[in-house]
Structures are given as structure tokens and as C-alpha cells.
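Everything below concerns the one structure shown next.
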Amino acid sequence: METRADKRQVRVLHLEDNEMDHILVAETLSANELICEFTLATSREEFETALRRAEYDLIISDFTLPSYDGLTALSLARELRPEIPFVFFSGSIGEDIAVDSLQHGAVDYVLKQRPSRLVPAIRRALRNAEEHTRLRQAEQIIREQGALLDKASDAILVCDLSGQIIFWNKGAQHIYGWIPDEALGKNILQLLFKGILTPQIEETFKSITTQNEWSGELQKVAKDGRRVIVQARSTLIRDDQGRPKSLLIINTDITERKQLEEQFFRAQRLESLGVLVSGIAHDLNNALAPILIGSNILRNEALSPESGSILDTMESSAKRGAEMVRQVLAFARGGDSGRTIIRVDRLVKEMGKIITDTFPKNINCRIEADANCSPISGAATQLHQVLMNLCVNARDAMPNGGKLTLATKNIRLDTAGAAKIPGAKTGNYLCISVTDTGDGISAEQLKKIFQPFFTTKAADKGTGLGLSTSLSIVKSHDGFLTVTSEVGCGTEFKLFFPAVIGAVAGEVAPQKPSLPTGDGECILIIDDEESMLALVRTTLENYHYRVIAAASGPEAVVRLAEKSGDVSLVITDIEMPFMDGFATVKALRKIKPSLKIIIATGSKQEKAVDGHGLKTDAFLSKPFTTEKLLTTVHEVLAQKK
């Protein structure tokens with residue numbers, strides 16, 4: 001077999017003290033068309049100097065020299081130039097010595113008595129050296145490519161046709177958690193899919209077999225049990241004969257992107273829900289408003305004790321329904337994030353009412369709200385959301401029922417106490433605790449519960465955002481929280497908020513003042529709900545106002561045009577058919593620009609009114625009480641023009 005050595009000059013270092021033997025070697029190689037450039041070394045010093053100074057393709061050495069031996073020369077050559085093939089060309093040597101030389105790294109030995117073997121031995125040595133060089137280069141390229149693949153953030157892996165992993169880069173280690181030594185040799189189905197062959201995976205393999213490639217999204221499992229969503233690209237690799245050989249897989253981690261998409265879609269759904277709830281709230285408040293106003297009218301009648309008790313129940317139920325509608329509306333629309341001074345005991349009591357009304361009856365809710373607790377500064381809707389998240393989690397942890405306790409307490413943290421709680425500082429705090437007797441949380445899960453999207457619930461039962469959102473809200477209020485739990489023994493969350501020092505807690509409720517009355521002022525009321533129109537009219541007339549009623553915007557315009565000089569105030573609904581409140585107010589203003597306006601609506605419409613550029617004097621949120629109606633009317637009429 002022809003080698004590249006046959007076509008180029010071979011650099012030979014010849015260790016030989018006999019000049020005639022050197023000439024014999026040179027002529028033998030030349031006669032066999034091996035073009036060689038010789039460097040002759042006749043002693044140890046010359047051999048070592050030549051070996052250190054120049055590059056060679058071949059070393060030919062005698063075995064025995066006057067002050068040097070071949071094995072010592074071989075040892076030095078293996079140390080300094082291990083890639084150079086070393087051939088002994090010597091006189092008679094024993095078989096043991098020949099074997100010993102081969103074991104120490106010589107590629108062949110040729111007896112001077114058989115010079116015909118020299119050229120084939122040299123050709124074989126050069127050919128093997130070339131092949132070895134080509135392989136050490138291929139390996140270098142592979143190592144360089146592997147280093148580049150390790151720098152990739154994507155998971156790049158190769159498996160054979162049986163699914164056994166034969167390459168695993170650092171990107172795969174980063175995404176899935178297994179180091180190469182743990183992944184190599186493992187079956188990819190067992191490692192990343194827990195051995196579950198889903199229809200999607202079957203379709204993936206079928207596509208690769210028929211179309212040589214596949215791409216799409218797959219859900220895999222990491223070493224720590226996390227669900228990882230990847231954009232996967234798989235390609236079938238074939239050998240030189242076109243036969244399937246292995247599978248190249250490149251995976252991009254899109255877990256976070258998918259979670260953000262889900263958040264975005266959820267926000268869109270909540271926005272749509274907010275619009276829907278706003279409309280429902282308007283209708284519900286319109287239905288509750290006549291009950292509240294009507295109960296106040298009936299109180300002026302002579303009633304039996306039983307009828308009075310029924311009236312109290314009606315009024316209480318209507319107020320509670322209105323409050324629940326207000327809370328639902330606030331949640332759906334995000335509420336007002338403005339900070340106010342909050343009486344937490346009242347907030348906890350409100351939550352207790354919601355729990356009692358909406359949670360399963362086998363959950364016993366206990367409220368331990370101290371009326372003397374310090375107030376805090378915060379956004380009531382956000383704190384309501386935190387309590388709701390914790391209470392819902394507690395409910396889900398008690399599928400067979402149990403006890404849920406909400407409590408408040410003043411806490412003073414000194415240096416020692418604050419040091420025991422991460423993120424805590426010394427000072428006065430209001431502590432809210434939420435305690436359940438449910439399933440509890442394991443120590444392993446307890447480390448992860450505040451991670452976004454971590455959840456132990458089924459996919460359709462939770463998003464894993466409740467606790468992370470709650471923690472974020474607590475921190476935004478300069479607070480902190482702790483959690484203790486034991487499997488089978490329940491869980492307790494404690495929320496700490498800085499107390500507002502100096503604020504008065506537990507105020508004595510002031511005596512209710514007498515309701516203001518009118519002095520014959522004329523009020524135009526507009527509402528498409530007949531019952532609402534009749535009750536508001538009756539109430540105002542009972543308190544010495546004159547009333548003009550209109551069931552629609554066009555009718556109101558006609559009435560005002562007829563009595564513009566008499567009308568001092570307009571009370572109008574916003575959501576009405578044919579001509580809504582915005583258009584009605586604009587039309588009325590054209591007739592009488594100085595007209596005072598009160599907006600009465602079942603949904604929060606202040607921003608909508610501002611957006612229409614309308615100037616109004618007050619808002620009445622339905623359902624309102626007789627006291628609220630009369631007080632608002634009195635205050636607006638008392639304002640200077």
C-alpha cells in the first residue's frame with residue numbers, strides 16, 4: 001500500500017556507529033524508491049542533541065553501541081518524541097530482547113542479516129504513524145467540536161437507534177440536571193420521559209423514521225422532577241452507505257416562555273372577566289338597591305316586632321350582598337393600589353364572612369381578630385388577595401373538612417427575634433396568621449412553595465402563582481412572612497406588616513346623626529329600572545324634595561326642557577338603553593350648563609366618566625342606603641355654584 005512517505009522526503013534519524021551499515025541502510029531505502037533525508041548520530045550525545053533540535057518522521061537504531069544501548073535510546077525517544085516510529089536494525093539479538101524492545105515502544109526490529117525486511121518494516125511503520133496522526137487530528141477536531149457544543153445553551157445529545165445516549169453536552173446538563181457520566185449509556189425514554197411512551201412521542205419517532213426529522217414542543221422531566229418544556233428538533237443521522245446510524249437531538253428550553261405566555265393569556269382572560277363582572281355587578285347592585293332603600297322607607301311605617309326583625313334581616317343581607325359584589329368587582333378589575341390606613345381586624349372579619357358563605361360547610365372558620373390591633377398602611381385589595389390565596393390553599397388542603405383560623409396580634413420584634421426570621425427587622429408589627437388542620441406540606445416541598453409556577457395541585461386546579469404573588473405583595477408592604485408545616489398536622493402562615501404607630505385603634509362608633517331634609521328643591525331622577533325610580537322618588541319626597549322622574553335619557557331631556565328653571569339637581573344612572581348616561585348628561589348640560597349632576601351606578605364608572613370629559617358633582621354607588629342618598633344630595637346642593 002502506497003503511503004504519503006513514498007511521495008515525499010522522509011526525515012530519518014539514524015543511530016549507528018558503523019558507517020558501512022549506515023550506507024547500507026541509505027542505499028537500501030533509495031533502491032526501493034524511499035526518498036530520505038538522513039541525520040546520522042554515532043553517539044549518545046549526538047543522538048540526544050539531534051532528537052531535541054529537529055523533527056523526524058522515523059528513527060532507525062542499532063541495538064548495541066560502544067557507550068550506548070538501544071533500549072536507553074528508545075526510552076529517551078518515547079519521552080521526547082513519542083509520535084515518531086522507532087525501528088531497530090541490528091545484528092543478532094535474542095528473542096527475549098526483541099520482545100522487550102517491542103513492549104517498550106519500538107514498532108519493529110529487523111536483523112542486519114535479513115535487510116530485505118527493512119523496507120517493508122519501514123513502510124508499515126510510516127503508514128501506521130500516518131494513520132495514528134490522522135486519528136489523534138480527528139480526535140482533536142472532535143474535542144474542539146465538543147468544546148463548542150458545550151458552550152451552546154441548548155441541550156445537544158446523540159443517541160443510537162435503540163435510544164441509548166452516546167453524547168450529552170453541558171447545555172443538556174444545565175437544562176435537565178444530569179451530568180454526562182449520569183446520562184451516557186442511559187435510555188433516553190427512561191431518563192427524560194420516565195419510561196412513558198405517550199402518543200406524541202410515538203408520533204415523533206414515526207416522523208423521524210419516515211421523514212428523517214421532526215420538530216415540535218415536548219414536555220420532559222428533569223433530574224429534580226421539574227417539568228421542562230422544550231422546542232425539540234430531531235434529525236436521523238445515516239452512515240456512508242445511507243443506513244440509519246444515530247439520532248441527533250437539539251432541545252431549547254422554552255419553559256419560562258410558555259409560563260409567561262400562560263400568564264399573558266390568563267391576564268387576558270381576567271381582563272375579559274373584569275368586563276363581564278362589571279356588567280353583572282351593575283345588574284346585581286340595581287337589584288339590591290331597591291331592597292336597601294325600600295327597607296328604610298318601611299321603617300317609617302308601624303311594624304310588628306316580627307316584621308321589624310324580618311326587615312333587619314333583609315337590610316343586613318342586602319348590605320352583605322352588595323359588599324360581596326364590591327369585592328368581586330375589585331378583584332376582577334385590579335382594585336385601587338393606593339395605600340390607606342387599614343384596620344386589619346375588619347379585613348380579617350370580612351374574609352371570615354366570605355369563607356363562611358362560600359367554603360364547604362365541613363370547614364369550620366374561626367376568627368380571632370383583636371380590636372386593639374395596630375393599624376397598618378397598605379392596599380386593602382392586595383391584602384385581601386393575599387388572605388384569599390392563603391385561605392383557598394388551606395381549603396384545598398382540607399378536602400375532608402377541618403378548622404381554618406384567622407387571627408391578628410400585635411408583635412414587637414427585638415434584635416434576637418428578628419435574627420431568627422429571614423428578611424425581618426426590629427420594630428412593631430401587626431401579625432396575621434392563617435392556620436389550617438389540613439394535609440400539611442413536606443419539608444422538600446416547603447423549600448419550593450414560593451417559586452413561581454411551583455404547585456402540587458393538578459394542572460386544572462392551580463397555577464403555582466398564588467404564594468409567589470402573595471410573597472411579592474407582602475414584601476411590597478415592607479413586610480415578611482413565615483410558614484411552618486408538618487405532613488398530616490396542618491400549616492400555619494404568619495404575615496408581618498409594620499404597625500402604624502400613633503393611629504387610634506378601636507374607635508367608639510359615633511352616634512348616627514339625623515338625616516338631612518330638603519327645602520322644596522326640584523330634583524330630576526333618571527333610571528330605566530322602574531322599581532329603583534319609584535323608591536328613590538318616594539324617599540326624596542318623604543324628605544321634602546320635589547321630584548321629576550324620567551325612565552330614559554330622551555324623556556329626561558324633554559322634562560328638563562319643560563322645567564329647566566325649577567330643576568336644581570339631576571341624579572342619573574349610566575347604563576341605560578337607547579341613550580346612555582354619558583349622552584344624557586351632555587344633552588342636559590346644553591340645556592342648562594350650571595346643572596348639578598350626581599352619577600348613580602351599579603359599577604365603578606369614575607374613570608369612564610372622566611374619559612368622556614364630563615364634569616360631575618358626586619357619585620352614588622348602588623346599592624346605596626337612604627342615609628347615603630340624602631347626605632350626598634344635601635352636600636351637592638350646598639355647594640356653591
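How things are named: the first chain in the C-alpha cells is A, the next is B, and so on; residues count from 1 in each chain; ligands count from 1 in the order shown.
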| task | For range 100-116 of chain A, please output as a PyMOL selection string all residues within 12 Å (counting only C-alpha atoms; exclusion window: fewer than 4 positions along the same chain). | result | chain A and resi 20-22+24-29+31-32+58-63+69-79+81-96+120-129
| query | Where in range 91-190 of chain A does DSSP assign alpha helix (DSSP H), given as an MDAnalysis selection string? | reply | chainID A and resid 95:103 118:151 170:176 180:183 188:190
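The environment of range 296-306 of chain A within 10 Å, counting only C-alpha atoms and disregarding residues fewer than 5 places along the same chain, consists of Pro290, Ile291, Leu311, Asp312, Glu315, Leu535, Val536, Thr538, Thr539, Asn542, Thr625, Thr626 and Glu627 of chain A.
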| said: List the spatial neighbours of Ala50 in chain A as an MDAnalysis selection string - criterion: any atom at most 9 Å away, only C-alpha atoms, same-chain residues fewer than 2 positions off excluded. | reply: chainID A and resid 13 39:41 45:48 52:55
| query | Leaving out range 207-210 of chain A and any residue of its chain fewer than 6 positions from it, which residues lie within 12 Å of it when counting only C-alpha atoms, given as JSON, numbers by chain? | reply | {"A": [161, 200, 201, 216, 233, 234, 235, 236, 237, 238, 243, 244, 245, 246, 247, 248, 249]}
| query | Which residues come within 12 Å of range 399-403 of chain A, counting only C-alpha atoms, excluding same-chain residues fewer than 3 positions away, as a VMD selection string? | reply | chain A and resid 355 to 356 359 to 367 391 to 396 406 434 to 439 488 to 492
| request: Run DSSP on the backbone and give me the residues of range 477-641 of chain A it puts in strand (DSSP E or B), as a VMD selection string. | output: chain A and resid 480 to 486 490 to 499 522 to 526 546 to 550 567 to 572 596 to 601 618 to 621
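CA of Thr601 in chain A lies 14.1 Å from CA of Thr584 in chain A.
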| query | In Å, with one decimal, what is the gap from CA of Phe480 in chain A to CA of Thr408 in chain A? | reply | 15.0 Å
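As for CA of Glu131 in chain A and CA of Val158 in chain A, they are spaced 26.6 Å apart.
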| Near-Asp478 in chain A list (8 Å; only C-alpha atoms; drop same-chain fewer than 3 positions) as a list in words | Val474, Lys475, Phe497 and Pro498 of chain A
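Residue nearest Ala369 in chain A, chosen from A:Asp573, A:Glu529, A:Asp414, A:Glu350 and counting only C-alpha atoms: A:Glu350.
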| said: Taking only C-alpha atoms into account, name the residue in A:Ser514, A:Thr482, A:Leu383, A:Val344 that is nearest to Ile449 in chain A. | reply: A:Thr482
